[in-house]
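*Asks:* So that you have it, the file is model-v6.tsv, and it contains TSV, N, CA and C atoms and all ligand atoms:
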chain	number	residue	atom	x	y	z
A	99	MET	N	-44.55	90.88	145.11
A	99	MET	CA	-44.12	89.74	144.28
A	99	MET	C	-42.79	90.04	143.60
A	100	TYR	N	-42.76	91.19	142.97
A	100	TYR	CA	-41.52	91.56	142.27
A	100	TYR	C	-40.33	91.62	143.24
A	101	LYS	N	-40.65	92.20	144.40
A	101	LYS	CA	-39.60	92.34	145.41
A	101	LYS	C	-39.07	90.97	145.84
A	102	GLU	N	-40.01	90.04	146.05
A	102	GLU	CA	-39.59	88.71	146.51
A	102	GLU	C	-38.77	88.01	145.44
A	103	LEU	N	-39.19	88.15	144.21
A	103	LEU	CA	-38.44	87.53	143.12
A	103	LEU	C	-37.04	88.11	143.04
A	104	THR	N	-36.97	89.42	143.19
A	104	THR	CA	-35.66	90.06	143.13
A	104	THR	C	-34.76	89.57	144.25
A	105	ALA	N	-35.35	89.45	145.44
A	105	ALA	CA	-34.57	88.97	146.58
A	105	ALA	C	-34.10	87.55	146.35
A	106	ALA	N	-34.98	86.72	145.81
A	106	ALA	CA	-34.61	85.33	145.55
A	106	ALA	C	-33.51	85.26	144.51
A	107	ALA	N	-33.64	86.04	143.46
A	107	ALA	CA	-32.62	86.04	142.41
A	107	ALA	C	-31.29	86.53	142.96
A	108	PHE	N	-31.37	87.51	143.83
A	108	PHE	CA	-30.13	88.04	144.42
A	108	PHE	C	-29.45	86.98	145.28
A	109	LEU	N	-30.26	86.26	146.07
A	109	LEU	CA	-29.71	85.21	146.93
A	109	LEU	C	-29.05	84.13	146.09
A	110	ILE	N	-29.73	83.74	145.02
A	110	ILE	CA	-29.17	82.70	144.16
A	110	ILE	C	-27.87	83.19	143.54
A	111	ALA	N	-27.88	84.43	143.07
A	111	ALA	CA	-26.68	84.97	142.46
A	111	ALA	C	-25.55	85.07	143.49
A	112	LEU	N	-25.94	85.30	144.73
A	112	LEU	CA	-24.95	85.49	145.78
A	112	LEU	C	-24.33	84.17	146.22
A	113	THR	N	-25.15	83.12	146.29
A	113	THR	CA	-24.67	81.89	146.89
A	113	THR	C	-24.10	80.91	145.86
A	114	LEU	N	-24.78	80.74	144.74
A	114	LEU	CA	-24.38	79.68	143.82
A	114	LEU	C	-22.98	79.83	143.24
A	115	PRO	N	-22.63	80.99	142.70
A	115	PRO	CA	-21.34	81.05	142.00
A	115	PRO	C	-20.15	81.25	142.92
A	116	VAL	N	-20.39	81.32	144.22
A	116	VAL	CA	-19.30	81.68	145.13
A	116	VAL	C	-18.12	80.73	145.00
A	117	ALA	N	-18.37	79.44	145.17
A	117	ALA	CA	-17.26	78.50	145.18
A	117	ALA	C	-16.52	78.51	143.85
A	118	ALA	N	-17.25	78.49	142.77
A	118	ALA	CA	-16.62	78.39	141.47
A	118	ALA	C	-15.84	79.65	141.13
A	119	SER	N	-16.45	80.81	141.34
A	119	SER	CA	-15.78	82.03	140.92
A	119	SER	C	-14.60	82.36	141.81
A	120	ALA	N	-14.68	81.96	143.07
A	120	ALA	CA	-13.61	82.33	143.99
A	120	ALA	C	-12.42	81.40	143.88
A	121	THR	N	-12.61	80.21	143.37
A	121	THR	CA	-11.54	79.22	143.46
A	121	THR	C	-11.28	78.48	142.16
A	122	ASN	N	-12.08	78.70	141.14
A	122	ASN	CA	-12.02	77.93	139.90
A	122	ASN	C	-12.52	76.51	140.07
A	123	LEU	N	-12.98	76.16	141.27
A	123	LEU	CA	-13.56	74.84	141.46
A	123	LEU	C	-14.96	74.82	140.87
A	124	VAL	N	-15.33	73.71	140.25
A	124	VAL	CA	-16.62	73.60	139.60
A	124	VAL	C	-17.45	72.53	140.29
A	125	ASP	N	-18.63	72.95	140.76
A	125	ASP	CA	-19.55	72.02	141.40
A	125	ASP	C	-20.32	71.30	140.30
A	126	VAL	N	-19.72	70.24	139.78
A	126	VAL	CA	-20.24	69.57	138.58
A	126	VAL	C	-21.67	69.07	138.78
A	127	ASP	N	-21.94	68.45	139.94
A	127	ASP	CA	-23.28	67.89	140.15
A	127	ASP	C	-24.20	68.87	140.88
A	128	ALA	N	-23.70	70.10	141.10
A	128	ALA	CA	-24.54	71.18	141.65
A	128	ALA	C	-25.21	70.81	142.96
A	129	ASP	N	-24.50	70.05	143.81
A	129	ASP	CA	-25.08	69.72	145.11
A	129	ASP	C	-24.64	70.72	146.18
A	130	GLY	N	-23.94	71.76	145.78
A	130	GLY	CA	-23.55	72.80	146.72
A	130	GLY	C	-22.25	72.53	147.44
A	131	MET	N	-21.65	71.37	147.17
A	131	MET	CA	-20.39	71.01	147.80
A	131	MET	C	-19.41	70.56	146.73
A	132	ILE	N	-18.13	70.76	147.00
A	132	ILE	CA	-17.10	70.25	146.10
A	132	ILE	C	-16.64	68.90	146.63
A	133	SER	N	-16.90	67.85	145.84
A	133	SER	CA	-16.49	66.51	146.25
A	133	SER	C	-15.00	66.32	145.94
A	134	ALA	N	-14.44	65.21	146.41
A	134	ALA	CA	-13.04	64.91	146.13
A	134	ALA	C	-12.80	64.82	144.64
A	135	GLU	N	-13.78	64.25	143.91
A	135	GLU	CA	-13.64	64.12	142.46
A	135	GLU	C	-13.65	65.49	141.79
A	136	GLU	N	-14.55	66.36	142.25
A	136	GLU	CA	-14.63	67.70	141.68
A	136	GLU	C	-13.36	68.50	142.01
A	137	PHE	N	-12.85	68.28	143.19
A	137	PHE	CA	-11.61	68.93	143.61
A	137	PHE	C	-10.45	68.49	142.71
A	138	ALA	N	-10.38	67.19	142.46
A	138	ALA	CA	-9.28	66.64	141.66
A	138	ALA	C	-9.35	67.12	140.21
A	139	ALA	N	-10.55	67.44	139.74
A	139	ALA	CA	-10.70	67.92	138.37
A	139	ALA	C	-10.02	69.28	138.20
A	140	THR	N	-10.02	70.08	139.28
A	140	THR	CA	-9.41	71.40	139.22
A	140	THR	C	-7.96	71.36	139.67
A	141	TYR	N	-7.66	70.49	140.63
A	141	TYR	CA	-6.30	70.41	141.17
A	141	TYR	C	-5.75	68.98	141.03
A	142	PRO	N	-5.54	68.53	139.78
A	142	PRO	CA	-5.08	67.14	139.58
A	142	PRO	C	-3.71	66.88	140.20
A	143	ASP	N	-2.93	67.93	140.40
A	143	ASP	CA	-1.58	67.75	140.94
A	143	ASP	C	-1.50	68.02	142.44
A	144	ALA	N	-2.66	68.26	143.05
A	144	ALA	CA	-2.65	68.56	144.49
A	144	ALA	C	-2.20	67.34	145.28
A	145	ALA	N	-1.59	67.59	146.42
A	145	ALA	CA	-1.20	66.50	147.29
A	145	ALA	C	-2.43	65.70	147.68
A	146	THR	N	-2.21	64.40	147.93
A	146	THR	CA	-3.34	63.52	148.19
A	146	THR	C	-4.10	63.93	149.44
A	147	ASP	N	-3.43	64.58	150.37
A	147	ASP	CA	-4.11	64.97	151.60
A	147	ASP	C	-4.66	66.39	151.53
A	148	ALA	N	-4.52	67.04	150.38
A	148	ALA	CA	-4.96	68.43	150.27
A	148	ALA	C	-6.47	68.54	150.48
A	149	PHE	N	-7.22	67.61	149.89
A	149	PHE	CA	-8.67	67.65	150.04
A	149	PHE	C	-9.07	67.54	151.50
A	150	GLU	N	-8.42	66.61	152.21
A	150	GLU	CA	-8.75	66.42	153.63
A	150	GLU	C	-8.37	67.64	154.45
A	151	GLN	N	-7.31	68.32	154.04
A	151	GLN	CA	-6.91	69.55	154.74
A	151	GLN	C	-7.98	70.63	154.59
A	152	VAL	N	-8.55	70.70	153.40
A	152	VAL	CA	-9.54	71.74	153.14
A	152	VAL	C	-10.88	71.37	153.77
A	153	ASP	N	-11.18	70.07	153.83
A	153	ASP	CA	-12.46	69.60	154.39
A	153	ASP	C	-12.39	69.64	155.92
A	154	LEU	N	-12.58	70.82	156.45
A	154	LEU	CA	-12.36	71.04	157.88
A	154	LEU	C	-13.27	70.20	158.75
A	155	ASN	N	-14.53	70.01	158.35
A	155	ASN	CA	-15.46	69.27	159.21
A	155	ASN	C	-15.56	67.79	158.82
A	156	GLY	N	-14.76	67.38	157.84
A	156	GLY	CA	-14.64	65.96	157.53
A	156	GLY	C	-15.89	65.31	156.99
A	157	ASP	N	-16.78	66.10	156.35
A	157	ASP	CA	-18.00	65.50	155.83
A	157	ASP	C	-17.85	65.04	154.39
A	158	GLY	N	-16.65	65.12	153.85
A	158	GLY	CA	-16.41	64.60	152.50
A	158	GLY	C	-16.74	65.57	151.40
A	159	GLY	N	-17.13	66.78	151.74
A	159	GLY	CA	-17.42	67.81	150.74
A	159	GLY	C	-16.86	69.14	151.19
A	160	LEU	N	-16.54	69.98	150.22
A	160	LEU	CA	-16.00	71.29	150.54
A	160	LEU	C	-17.08	72.35	150.36
A	161	SER	N	-17.36	73.07	151.43
A	161	SER	CA	-18.30	74.17	151.34
A	161	SER	C	-17.55	75.43	150.91
A	162	ALA	N	-18.30	76.45	150.53
A	162	ALA	CA	-17.67	77.71	150.13
A	162	ALA	C	-16.84	78.27	151.29
A	163	GLU	N	-17.33	78.06	152.52
A	163	GLU	CA	-16.60	78.57	153.68
A	163	GLU	C	-15.26	77.85	153.85
A	164	GLU	N	-15.28	76.54	153.68
A	164	GLU	CA	-14.04	75.78	153.83
A	164	GLU	C	-13.04	76.17	152.74
A	165	ILE	N	-13.55	76.40	151.54
A	165	ILE	CA	-12.67	76.79	150.44
A	165	ILE	C	-12.09	78.18	150.71
A	166	ALA	N	-12.92	79.08	151.21
A	166	ALA	CA	-12.43	80.43	151.51
A	166	ALA	C	-11.37	80.38	152.60
A	167	ALA	N	-11.61	79.53	153.61
A	167	ALA	CA	-10.64	79.41	154.70
A	167	ALA	C	-9.33	78.84	154.18
A	168	ALA	N	-9.42	77.87	153.28
A	168	ALA	CA	-8.22	77.25	152.74
A	168	ALA	C	-7.41	78.25	151.93
A	169	ARG	N	-8.13	79.10	151.21
A	169	ARG	CA	-7.42	80.12	150.43
A	169	ARG	C	-6.72	81.10	151.36
A	170	GLU	N	-7.35	81.40	152.47
A	170	GLU	CA	-6.75	82.36	153.40
A	170	GLU	C	-5.43	81.86	153.96
A	171	VAL	N	-5.35	80.55	154.23
A	171	VAL	CA	-4.12	80.01	154.79
A	171	VAL	C	-3.17	79.49	153.71
A	172	GLY	N	-3.59	79.64	152.44
A	172	GLY	CA	-2.69	79.31	151.34
A	172	GLY	C	-2.70	77.85	150.93
A	173	VAL	N	-3.66	77.06	151.43
A	173	VAL	CA	-3.75	75.65	151.01
A	173	VAL	C	-4.18	75.58	149.55
A	174	LEU	N	-5.09	76.48	149.17
A	174	LEU	CA	-5.52	76.57	147.78
A	174	LEU	C	-4.99	77.85	147.17
A	175	PRO	N	-4.60	77.78	145.90
A	175	PRO	CA	-4.14	79.01	145.24
A	175	PRO	C	-5.26	80.03	145.09
A	176	GLU	N	-4.89	81.26	145.05
A	176	GLU	CA	-5.85	82.32	144.81
A	176	GLU	C	-6.46	82.15	143.42
A	177	ALA	N	-7.69	82.61	143.28
A	177	ALA	CA	-8.33	82.57	141.96
A	177	ALA	C	-7.57	83.48	141.02
A	178	SER	N	-7.53	83.06	139.77
A	178	SER	CA	-6.82	83.89	138.78
A	178	SER	C	-7.77	84.90	138.17
B	201	CA	CA	-20.61	68.72	143.96
B	202	CA	CA	-16.71	69.86	154.65
If you convert what's in this file into structure tokens, what do you get?
*Replies:*
Amino acid sequence: MYKELTAAAFLIALTLPVAASATNLVDVDADGMISAEEFAATYPDAATDAFEQVDLNGDGGLSAEEIAAAREVGVLPEAS
């Protein structure tokens, strides 16, 4: 039991804060994706097509993977 709880806590710690801590983006509604509105809250001056550039699969939300990829190619600034 203890082991399972620890594993679950580790997984949560591993997955949940990834997007926010790596990019300063905040998943306001905690649905696991960064919406266009959430993106604009962090990058109000971003080009209008920046969100679409980062949203590689076009599902209207940014996953941690898409955000990481965007940072790699310099679409998003590095976390401070
Ligand atoms: Ca969200
Ligand atoms: Ca997406």
*Asks:* Compile the contact shell of Gly159 of chain A as a list of chain:residue names: residues with an atom at most 6.5 Å away, counting only N, CA and C atoms, same-chain residues fewer than 5 positions apart removed.
*Replies:*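 After dropping sequence-adjacent residues, the list is A:Met131, A:Ile132, A:Ser133, A:Ala134, A:Asp153.
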*Asks:* Any residue with an atom at most 10 Å from ligand CA 201 (chain B) counts, using only C-alpha atoms and all ligand atoms. Which are they? Put them as a PyMOL selection string.
*Replies:* chain A and resi 123-137+159-161
*Asks:* Between atom CA of Thr140 of chain A and atom CA of Ile165 of chain A, measure the distance and give it in Å to one decimal.
*Replies:*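 According to the coordinates, atom CA of Thr140 of chain A and atom CA of Ile165 of chain A are separated by 12.9 Å.
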*Asks:* Rounded to one decimal in Å, what is the spacing between atom CA of Val173 of chain A and atom N of Asp147 of chain A?
*Replies:*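 If I compute the distance from atom CA of Val173 of chain A to atom N of Asp147 of chain A, I get 11.1 Å.
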*Asks:* Pick the closest to ligand CA 202 (chain B) from A:Leu154, A:Ala138, A:Ala148, A:Asn122: which is it, counting only C-alpha atoms and all ligand atoms?
*Replies:*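 Smallest separation from ligand CA 202 (chain B) among the options: A:Leu154.
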*Asks:* One decimal, Å: what's the distance from atom N of Val152 of chain A over to atom CA of Ala168 of chain A, could you say?
*Replies:* 6.6 Å
*Asks:* Hey, which of A:Gln151, A:Ala139, A:Asp157, A:Glu163 ends up closest to ligand CA 202 (chain B)? Count only N, CA and C atoms and all ligand atoms.
*Replies:*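 For ligand CA 202 (chain B), the nearest of the candidates is A:Asp157.
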*Asks:* Show me, as JSON, the centre and edge lengths in Å to one decimal of the axis-aligned box that covers every listed atom of segment 141-147 of chain A with 8 Å on each side.
*Replies:*
{"center_x": -4.4, "center_y": 67.0, "center_z": 145.6, "size_x": 22.5, "size_y": 23.0, "size_z": 28.0}
*Asks:* From a backbone DSSP assignment, name each residue in segment 119-152 of chain A labelled alpha helix (DSSP H), as a PyMOL selection string.
*Replies:* chain A and resi 119-121+134-140+148-152
